[in-house]
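Quick look at final07.cif (mmCIF, C-alpha atoms and all ligand atoms):
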data_upload
#
loop_
_atom_site.label_atom_id
_atom_site.label_comp_id
_atom_site.auth_asym_id
_atom_site.auth_seq_id
_atom_site.Cartn_x
_atom_site.Cartn_y
_atom_site.Cartn_z
CA MET A 14 102.85 96.04 149.54
CA LEU A 15 105.77 95.56 147.20
CA ASN A 16 107.84 98.69 147.11
CA PRO A 17 110.05 99.67 144.22
CA LYS A 18 113.57 98.70 145.11
CA ALA A 19 116.93 100.06 144.20
CA VAL A 20 118.86 97.58 142.09
CA LYS A 21 122.28 97.70 140.50
CA LEU A 22 121.65 98.32 136.81
CA THR A 23 124.31 97.48 134.28
CA PRO A 24 125.03 100.41 131.94
CA GLY A 25 122.73 100.80 128.95
CA LEU A 26 119.49 102.20 127.65
CA TYR A 27 116.37 100.84 129.37
CA LEU A 28 113.14 101.28 127.40
CA VAL A 29 110.42 101.34 129.99
CA ALA A 30 106.74 100.75 129.17
CA THR A 31 104.35 102.86 131.24
CA PRO A 32 100.55 102.71 131.79
CA ILE A 33 98.08 103.65 129.03
CA GLY A 34 95.49 104.66 131.63
CA THR A 35 95.36 103.10 135.06
CA ALA A 36 98.54 104.15 136.84
CA ARG A 37 98.98 100.81 138.59
CA ASP A 38 99.41 99.05 135.23
CA ILE A 39 103.16 99.16 135.57
CA THR A 40 105.51 96.30 136.23
CA LEU A 41 107.59 95.95 139.37
CA ARG A 42 110.68 95.77 137.21
CA ALA A 43 109.75 99.04 135.49
CA LEU A 44 109.46 100.65 138.95
CA ASP A 45 112.83 99.21 139.98
CA ILE A 46 114.43 100.60 136.84
CA LEU A 47 112.90 104.04 137.38
CA THR A 48 114.15 103.91 140.98
CA SER A 49 117.66 102.89 140.01
CA ALA A 50 118.54 104.47 136.66
CA ASP A 51 121.29 107.09 136.79
CA VAL A 52 119.45 109.35 134.36
CA LEU A 53 115.76 109.51 133.50
CA VAL A 54 114.71 110.43 129.98
CA ALA A 55 111.10 111.04 129.00
CA GLU A 56 109.02 112.09 126.03
CA ASP A 57 107.00 114.15 128.51
CA THR A 58 108.97 114.92 131.66
CA ARG A 59 105.90 116.02 133.62
CA THR A 60 104.04 112.76 132.97
CA LEU A 61 107.04 110.71 134.09
CA ARG A 62 107.54 112.79 137.23
CA LYS A 63 103.86 112.36 138.09
CA LEU A 64 103.99 108.60 137.53
CA MET A 65 107.05 108.34 139.76
CA GLU A 66 105.33 110.40 142.41
CA ILE A 67 102.25 108.13 142.34
CA HIS A 68 104.50 105.14 142.90
CA GLY A 69 106.57 106.79 145.60
CA ILE A 70 109.80 106.93 143.61
CA SER A 71 111.96 109.85 144.51
CA LEU A 72 113.97 111.61 141.91
CA GLY A 73 116.73 112.58 144.33
CA GLU A 74 119.49 114.40 142.56
CA ARG A 75 118.68 112.82 139.23
CA GLN A 76 117.80 114.73 136.12
CA VAL A 77 114.78 114.08 133.90
CA LEU A 78 115.81 114.93 130.37
CA ALA A 79 113.28 115.48 127.60
CA TYR A 80 113.58 113.37 124.45
CA HIS A 81 110.84 113.69 121.83
CA ASP A 82 110.23 114.05 118.10
CA HIS A 83 111.21 117.72 118.12
CA ASN A 84 114.56 117.52 119.92
CA GLY A 85 115.69 113.96 119.10
CA ALA A 86 118.48 114.98 116.73
CA GLN A 87 120.02 117.37 119.30
CA MET A 88 119.51 115.11 122.28
CA ARG A 89 120.84 111.84 120.85
CA PRO A 90 124.56 112.80 120.96
CA ARG A 91 124.11 113.99 124.55
CA LEU A 92 122.39 110.76 125.60
CA LEU A 93 124.99 108.67 123.77
CA GLY A 94 127.64 110.62 125.68
CA LEU A 95 125.99 109.60 128.97
CA LEU A 96 125.91 105.96 127.85
CA GLU A 97 129.59 106.29 126.94
CA GLN A 98 130.25 107.29 130.57
CA GLY A 99 128.85 103.91 131.64
CA LEU A 100 125.52 105.21 132.96
CA ALA A 101 122.13 103.48 132.98
CA LEU A 102 119.47 105.57 131.22
CA ALA A 103 115.75 104.85 131.57
CA TYR A 104 113.58 106.13 128.72
CA ALA A 105 109.77 106.30 128.88
CA SER A 106 107.45 107.69 126.24
CA GLU A 107 104.33 109.53 127.29
CA ALA A 108 102.27 106.35 127.66
CA GLY A 109 102.54 102.68 126.77
CA THR A 110 105.53 101.13 125.06
CA PRO A 111 108.24 103.39 123.64
CA MET A 112 108.57 103.15 119.85
CA ILE A 113 104.98 101.95 119.35
CA ALA A 114 103.63 105.05 117.58
CA ASP A 115 105.96 106.91 119.93
CA PRO A 116 109.57 108.14 119.89
CA GLY A 117 112.53 105.98 120.86
CA PHE A 118 113.41 104.04 117.73
CA ASP A 119 116.24 106.30 116.53
CA LEU A 120 117.64 106.53 120.04
CA ALA A 121 117.59 102.75 120.52
CA ARG A 122 119.19 102.21 117.13
CA ALA A 123 121.90 104.77 117.76
CA ALA A 124 122.64 103.22 121.16
CA ARG A 125 122.82 99.71 119.68
CA ASP A 126 125.01 100.90 116.78
CA ALA A 127 127.39 102.47 119.29
CA GLY A 128 127.68 99.13 121.09
CA HIS A 129 125.56 99.93 124.16
CA ALA A 130 123.11 97.52 125.74
CA VAL A 131 119.46 98.18 124.88
CA VAL A 132 117.12 96.61 127.41
CA ALA A 133 113.31 96.34 127.30
CA ALA A 134 111.13 96.64 130.39
CA PRO A 135 107.94 95.45 128.66
CA GLY A 136 104.46 96.43 129.72
CA PRO A 137 101.24 97.99 128.44
CA SER A 138 100.54 98.92 124.87
CA ALA A 139 97.21 99.96 123.40
CA VAL A 140 97.63 97.56 120.42
CA VAL A 141 97.71 94.45 122.56
CA THR A 142 95.16 95.76 125.06
CA ALA A 143 92.67 96.43 122.24
CA LEU A 144 93.25 92.98 120.73
CA THR A 145 92.66 91.45 124.16
CA VAL A 146 89.19 92.95 124.58
CA GLY A 147 88.15 93.68 120.98
CA GLY A 148 86.62 90.31 120.12
CA LEU A 149 88.33 89.95 116.73
CA PRO A 150 90.80 87.18 115.83
CA THR A 151 94.24 87.58 117.34
CA ASP A 152 96.03 84.75 115.53
CA ARG A 153 97.54 87.29 113.15
CA PHE A 154 97.37 91.06 113.25
CA PHE A 155 98.87 94.00 111.44
CA PHE A 156 99.59 97.19 113.37
CA ALA A 157 99.22 100.13 111.00
CA GLY A 158 99.56 102.95 113.55
CA PHE A 159 97.89 106.23 112.61
CA LEU A 160 96.39 106.62 109.14
CA PRO A 161 97.02 109.87 107.21
CA ASN A 162 94.71 112.74 108.14
CA ALA A 163 93.64 113.62 104.60
CA SER A 164 90.85 111.46 103.23
CA GLY A 165 92.52 110.78 99.85
CA GLN A 166 95.77 109.59 101.41
CA ARG A 167 93.87 107.65 104.06
CA LYS A 168 91.93 105.75 101.39
CA THR A 169 95.13 104.98 99.49
CA ALA A 170 96.67 103.59 102.68
CA LEU A 171 93.54 101.55 103.45
CA ARG A 172 93.64 100.04 99.93
CA ARG A 173 97.16 98.78 100.67
CA TYR A 174 95.88 96.99 103.78
CA ALA A 175 92.77 95.52 102.17
CA GLU A 176 94.17 92.05 101.46
CA ILE A 177 96.18 91.52 104.64
CA PRO A 178 95.11 88.17 106.13
CA GLY A 179 94.94 89.33 109.73
CA THR A 180 93.18 91.77 112.03
CA LEU A 181 94.12 95.36 111.18
CA VAL A 182 94.95 97.63 114.11
CA PHE A 183 94.84 101.42 113.84
CA TYR A 184 95.35 104.22 116.34
CA GLU A 185 92.91 107.05 115.72
CA SER A 186 92.07 110.43 117.15
CA PRO A 187 88.51 111.15 118.32
CA LYS A 188 88.46 114.09 115.89
CA ARG A 189 88.90 111.82 112.89
CA ILE A 190 87.22 108.58 113.94
CA ALA A 191 83.95 109.24 112.06
CA ALA A 192 85.74 110.10 108.81
CA MET A 193 88.15 107.19 109.20
CA LEU A 194 85.34 104.66 109.64
CA ARG A 195 83.45 106.14 106.69
CA ASP A 196 86.52 105.80 104.46
CA ALA A 197 87.23 102.30 105.78
CA ALA A 198 83.67 101.20 104.99
CA GLU A 199 84.03 102.59 101.49
CA VAL A 200 87.43 101.04 100.77
CA LEU A 201 87.26 97.75 102.69
CA GLY A 202 83.52 97.14 102.31
CA PRO A 203 80.65 98.07 104.64
CA GLU A 204 80.18 94.53 105.96
CA ARG A 205 83.62 93.99 107.47
CA GLN A 206 83.49 93.39 111.20
CA ALA A 207 85.32 95.93 113.33
CA ALA A 208 85.64 97.20 116.88
CA VAL A 209 86.21 100.68 118.27
CA CYS A 210 88.11 100.30 121.56
CA ARG A 211 88.04 103.49 123.56
CA GLU A 212 89.67 104.68 126.81
CA LEU A 213 91.21 101.28 127.53
CA THR A 214 92.03 100.61 131.20
CA LYS A 215 90.31 103.89 132.16
CA LYS A 216 87.01 104.73 133.81
CA PHE A 217 85.04 105.09 130.57
CA GLU A 218 86.52 102.08 128.78
CA GLU A 219 84.22 100.95 126.00
CA VAL A 220 84.30 98.49 123.09
CA ILE A 221 81.77 99.07 120.32
CA SER A 222 81.57 96.19 117.84
CA GLY A 223 79.80 95.80 114.53
CA THR A 224 80.26 96.18 110.81
CA LEU A 225 82.19 99.17 109.50
CA GLN A 226 78.95 100.63 108.21
CA HIS A 227 77.29 100.28 111.61
CA LEU A 228 80.24 101.83 113.44
CA ALA A 229 80.51 104.66 110.92
CA GLY A 230 76.83 105.38 111.57
CA ILE A 231 77.34 105.41 115.34
CA CYS A 232 80.29 107.77 115.09
CA ALA A 233 78.42 110.07 112.73
CA ASP A 234 75.69 110.44 115.37
CA ARG A 235 77.73 110.46 118.53
CA SER A 236 81.00 112.21 119.18
CA LEU A 237 83.42 109.78 120.78
CA LYS A 238 85.95 111.18 123.21
CA GLY A 239 89.26 109.98 124.53
CA GLU A 240 91.84 107.63 123.09
CA ILE A 241 90.83 105.13 120.46
CA VAL A 242 92.08 101.96 118.79
CA VAL A 243 90.19 100.63 115.78
CA LEU A 244 90.33 96.93 114.94
CA ILE A 245 89.16 95.72 111.53
CA ASP A 246 88.69 92.09 110.67
CA ARG A 247 90.43 90.51 107.70
CA LYS A 248 88.59 90.17 104.41
CA SER A 249 85.74 87.71 104.69
CA SER A 250 86.43 84.13 103.65
CA GLU A 251 83.57 84.29 101.12
CA ASN A 252 85.72 86.63 99.08
CA ILE A 253 88.65 84.23 98.83
CA HIS A 254 89.03 82.98 95.29
CA GLU A 255 89.41 79.27 94.72
CA SER A 256 92.76 79.94 93.00
CA ASP A 257 94.03 81.75 96.12
CA LEU A 258 92.86 78.87 98.26
CA GLU A 259 94.67 76.38 96.04
CA ALA A 260 97.85 78.45 96.20
CA LEU A 261 97.68 78.51 100.00
CA LEU A 262 97.11 74.77 100.14
CA ARG A 263 99.91 73.99 97.66
CA GLU A 264 102.31 75.98 99.76
CA ALA A 265 101.16 74.31 102.99
CA LEU A 266 101.34 70.85 101.40
CA THR A 267 105.05 71.26 100.69
CA GLN A 268 105.66 71.09 104.44
CA GLN A 269 102.63 69.42 105.99
CA THR A 270 100.35 66.41 105.67
CA VAL A 271 96.98 66.83 103.96
CA ARG A 272 95.24 66.94 107.34
CA ASP A 273 97.59 69.49 108.91
CA ALA A 274 97.72 71.65 105.78
CA SER A 275 93.94 71.76 105.45
CA GLU A 276 93.51 72.57 109.12
CA ALA A 277 96.02 75.39 108.95
CA VAL A 278 94.50 76.87 105.78
CA ALA A 279 90.94 76.54 107.09
CA ALA A 280 91.96 78.40 110.26
CA ARG A 281 93.72 81.06 108.25
CA THR A 282 90.89 81.68 105.77
CA GLY A 283 87.87 80.93 107.95
CA LEU A 284 86.56 78.57 105.23
CA PRO A 285 84.73 75.36 106.21
CA LYS A 286 87.21 72.64 107.16
CA ARG A 287 85.49 69.99 105.06
CA HIS A 288 85.71 72.03 101.88
CA VAL A 289 89.37 72.84 102.45
CA TYR A 290 90.19 69.23 103.36
CA GLN A 291 88.61 67.88 100.19
CA LEU A 292 90.54 70.31 98.03
CA ALA A 293 93.75 69.49 99.91
CA LEU A 294 93.12 65.78 99.33
CA LYS A 295 92.68 66.38 95.62
CA LEU A 296 95.80 68.53 95.38
CA GLY A 297 97.76 66.09 97.56
CA GLN A 298 96.91 63.21 95.21
CA HIS A 299 98.07 65.15 92.18
CA GLU A 300 101.37 66.17 93.69
N1 LIG B 1 103.08 104.02 122.83
C1 LIG B 1 101.65 103.86 122.97
C2 LIG B 1 101.31 102.37 122.99
O1 LIG B 1 102.20 101.56 123.28
O2 LIG B 1 100.17 102.00 122.76
C3 LIG B 1 100.89 104.59 121.89
C4 LIG B 1 101.15 106.04 121.83
S1 LIG B 1 100.29 106.89 120.57
C5 LIG B 1 101.07 108.42 120.54
C6 LIG B 1 98.77 107.28 121.32
C7 LIG B 1 97.59 106.54 120.69
O3 LIG B 1 97.53 105.22 121.22
C8 LIG B 1 96.25 107.15 121.01
O4 LIG B 1 95.93 108.19 120.10
C9 LIG B 1 95.32 105.97 120.84
O5 LIG B 1 95.05 105.74 119.49
C10 LIG B 1 96.18 104.85 121.40
N2 LIG B 1 95.95 104.69 122.84
C11 LIG B 1 96.80 104.99 123.84
N3 LIG B 1 96.23 104.74 125.04
C12 LIG B 1 94.99 104.30 124.79
C13 LIG B 1 93.90 103.89 125.60
N4 LIG B 1 93.99 103.91 126.93
N5 LIG B 1 92.76 103.47 124.99
C14 LIG B 1 92.66 103.45 123.65
N6 LIG B 1 93.66 103.83 122.84
C15 LIG B 1 94.79 104.25 123.39
#

In structure tokens, what does this structure look like?
Amino acid sequence: MLNPKAVKLTPGLYLVATPIGTARDITLRALDILTSADVLVAEDTRTLRKLMEIHGISLGERQVLAYHDHNGAQMRPRLLGLLEQGLALAYASEAGTPMIADPGFDLARAARDAGHAVVAAPGPSAVVTALTVGGLPTDRFFFAGFLPNASGQRKTALRRYAEIPGTLVFYESPKRIAAMLRDAAEVLGPERQAAVCRELTKKFEEVISGTLQHLAGICADRSLKGEIVVLIDRKSSENIHESDLEALLREALTQQTVRDASEAVAARTGLPKRHVYQLALKLGQHE
């Protein structure tokens, strides 16, 4: 067994990713940092203490300070003061990667602005975990975090994401998943492919795939529990206008050969390679 080891950390703020479910989904380096930091800072101090206990890391004389959305403004000067003293601070949010729909951004920015080292200890995040198992394209994705709770604002936000040429990733609460899928089907179209990824890395992990309409129907009938990521496919290639296709090809042709440009645009739009190649050939001859 590889035990966490004490290492000499240089002063700075260490942003430590923690598991999103299974407690052993933590890196050895994250454990070393939690073992060795002078001060521990956590969005939820109880969760961090428990995680350290599971991994046999003793707190010793060290403090675990709370840093979250409600006390950030008061805590930042204090934490900056500790950095000023040349200490190594480890910060963990409640689960996953700090700053990904979690606190930490303002603290990291303040530390960087004050000239302190900001160091990542990368690890789990529900965005990447969902993309890994969700079955939708991962070549490009757009992380939209949580949508607004109110239906009107949620639909407005969804309209802004409608044309994004990549997989859309949303975090959603089980309370709102049915309404969110219903609104998404209405705004983005019922036939878009999507996946509801639930309880990732946990005992009841589940991925439910299908069109938005199908998933909205499932969630209307069945109440889903636990933590959820929703993936929504980009707009279908059938809806791409010829003028948009030409614009994409023209842009690609400024840098690439006809073959490379048509391959890249076909991959991006999902359109048949032959059709894209012939159009690229035509445009290439004219230009
Ligand atoms: N910082 C975290 C990360 O890196 O993914 C996200 C924190 S955010 C406050 C919590 C949301 O992330 C949940 O409401 C859910 O949408 C998503 N999430 C976190 N853990 C998850 C899991 N095990 N399975 C599915 N979704 C999860």

Around (125.8, 98.6, 129.8) in the file's frame, which residues reach within 10 Å when counting all atoms listed in the file? Return as a PyMOL selection string? chain A and resi 22-27+96-102+128-132

Sorted by chain and rising residue number, list the residues of chain A at most 7 Å from ligand LIG 1 (chain B) (counting all atoms listed in the file), each with its closest atom pair and distance in Å to one decimal, as a tab-separated table.
residue	atom	partner	partner_atom	distance
A:Ile33	CA	B:LIG1	N3	4.5
A:Gly34	CA	B:LIG1	N4	5.0
A:Ser106	CA	B:LIG1	N1	6.6
A:Ala108	CA	B:LIG1	C1	5.3
A:Gly109	CA	B:LIG1	O1	3.7
A:Thr110	CA	B:LIG1	O1	3.8
A:Pro111	CA	B:LIG1	N1	5.3
A:Met112	CA	B:LIG1	N1	6.3
A:Ile113	CA	B:LIG1	N1	4.5
A:Ala114	CA	B:LIG1	S1	4.8
A:Asp115	CA	B:LIG1	N1	5.0
A:Pro137	CA	B:LIG1	O1	6.3
A:Ser138	CA	B:LIG1	O1	3.5
A:Ala139	CA	B:LIG1	O2	3.7
A:Val140	CA	B:LIG1	O2	5.6
A:Tyr184	CA	B:LIG1	O5	3.5
A:Glu185	CA	B:LIG1	O5	4.5
A:Ser186	CA	B:LIG1	O4	5.3
A:Cys210	CA	B:LIG1	C14	5.9
A:Arg211	CA	B:LIG1	C14	4.6
A:Glu212	CA	B:LIG1	N5	3.8
A:Leu213	CA	B:LIG1	N5	3.7
A:Thr214	CA	B:LIG1	N4	5.7
A:Lys215	CA	B:LIG1	N4	6.4
A:Glu240	CA	B:LIG1	N6	4.2
A:Ile241	CA	B:LIG1	N6	3.9
A:Val242	CA	B:LIG1	N6	4.7

Could you list, as a list in words, every residue within 9 Å of Leu292 in chain A, counting only C-alpha atoms and ignoring same-chain residues fewer than 2 positions away?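 Returned residues: Leu258, Glu259, Leu262, Ser275, Arg287, His288, Val289, Tyr290, Leu294, Lys295, Leu296 and Gly297 of chain A.
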
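Distances from A:Ile221, A:Ala19, A:Leu44, A:Leu92 to Gln206 in chain A were compared using all atoms listed in the file, and the smallest one belongs to A:Ile221.
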
Pick from A:Lys248, A:Leu194, A:Gly85, A:Pro90: nearest to Ala127 in chain A, with only C-alpha atoms counted?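 Under the stated criterion, the closest residue is A:Pro90.
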
Between A:Met88, A:Ala229, A:Val182, A:Leu41, single out the one closest to Pro203 in chain A, counting all atoms listed in the file.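 When distances to Pro203 in chain A are compared using all atoms listed in the file, the smallest one comes from A:Ala229.
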
Report, in Å with one decimal, the straight-line distance from CA of Gly73 in chain A to CA of Ala133 in chain A.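 Pair CA of Gly73 in chain A / CA of Ala133 in chain A returns 23.8 Å.
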
Find the spatial neighbours of Cys232 in chain A, counting only C-alpha atoms, within a cut-off of 9 Å - ignore same-chain residues fewer than 6 positions away - and output them as a short mmCIF file (atom, residue, chain, number, x, y, z; two decimals) with C-alpha atoms, in the frame of the given file.
data_model
loop_
_atom_site.label_atom_id
_atom_site.label_comp_id
_atom_site.auth_asym_id
_atom_site.auth_seq_id
_atom_site.Cartn_x
_atom_site.Cartn_y
_atom_site.Cartn_z
CA ILE A 190 87.22 108.58 113.94
CA ALA A 191 83.95 109.24 112.06
CA ALA A 192 85.74 110.10 108.81
CA LEU A 194 85.34 104.66 109.64
#

So which one's closest to Gln76 in chain A, A:Lys216, A:Arg189, A:Arg62, A:Lys18? Using all atoms listed in the file, please.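 Among the listed residues, A:Arg62 lies closest to Gln76 in chain A.
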
Atom-to-atom span, CA of Arg59 in chain A and CA of Val141 in chain A, Å: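 Separating CA of Arg59 in chain A from CA of Val141 in chain A is a distance of 25.6 Å.
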
So, with only C-alpha atoms as the atoms that count, which of A:Pro17, A:Glu218, A:Arg205, A:Leu261 lies closest to Thr35 in chain A?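 Result for the nearest residue to Thr35 in chain A: A:Glu218.
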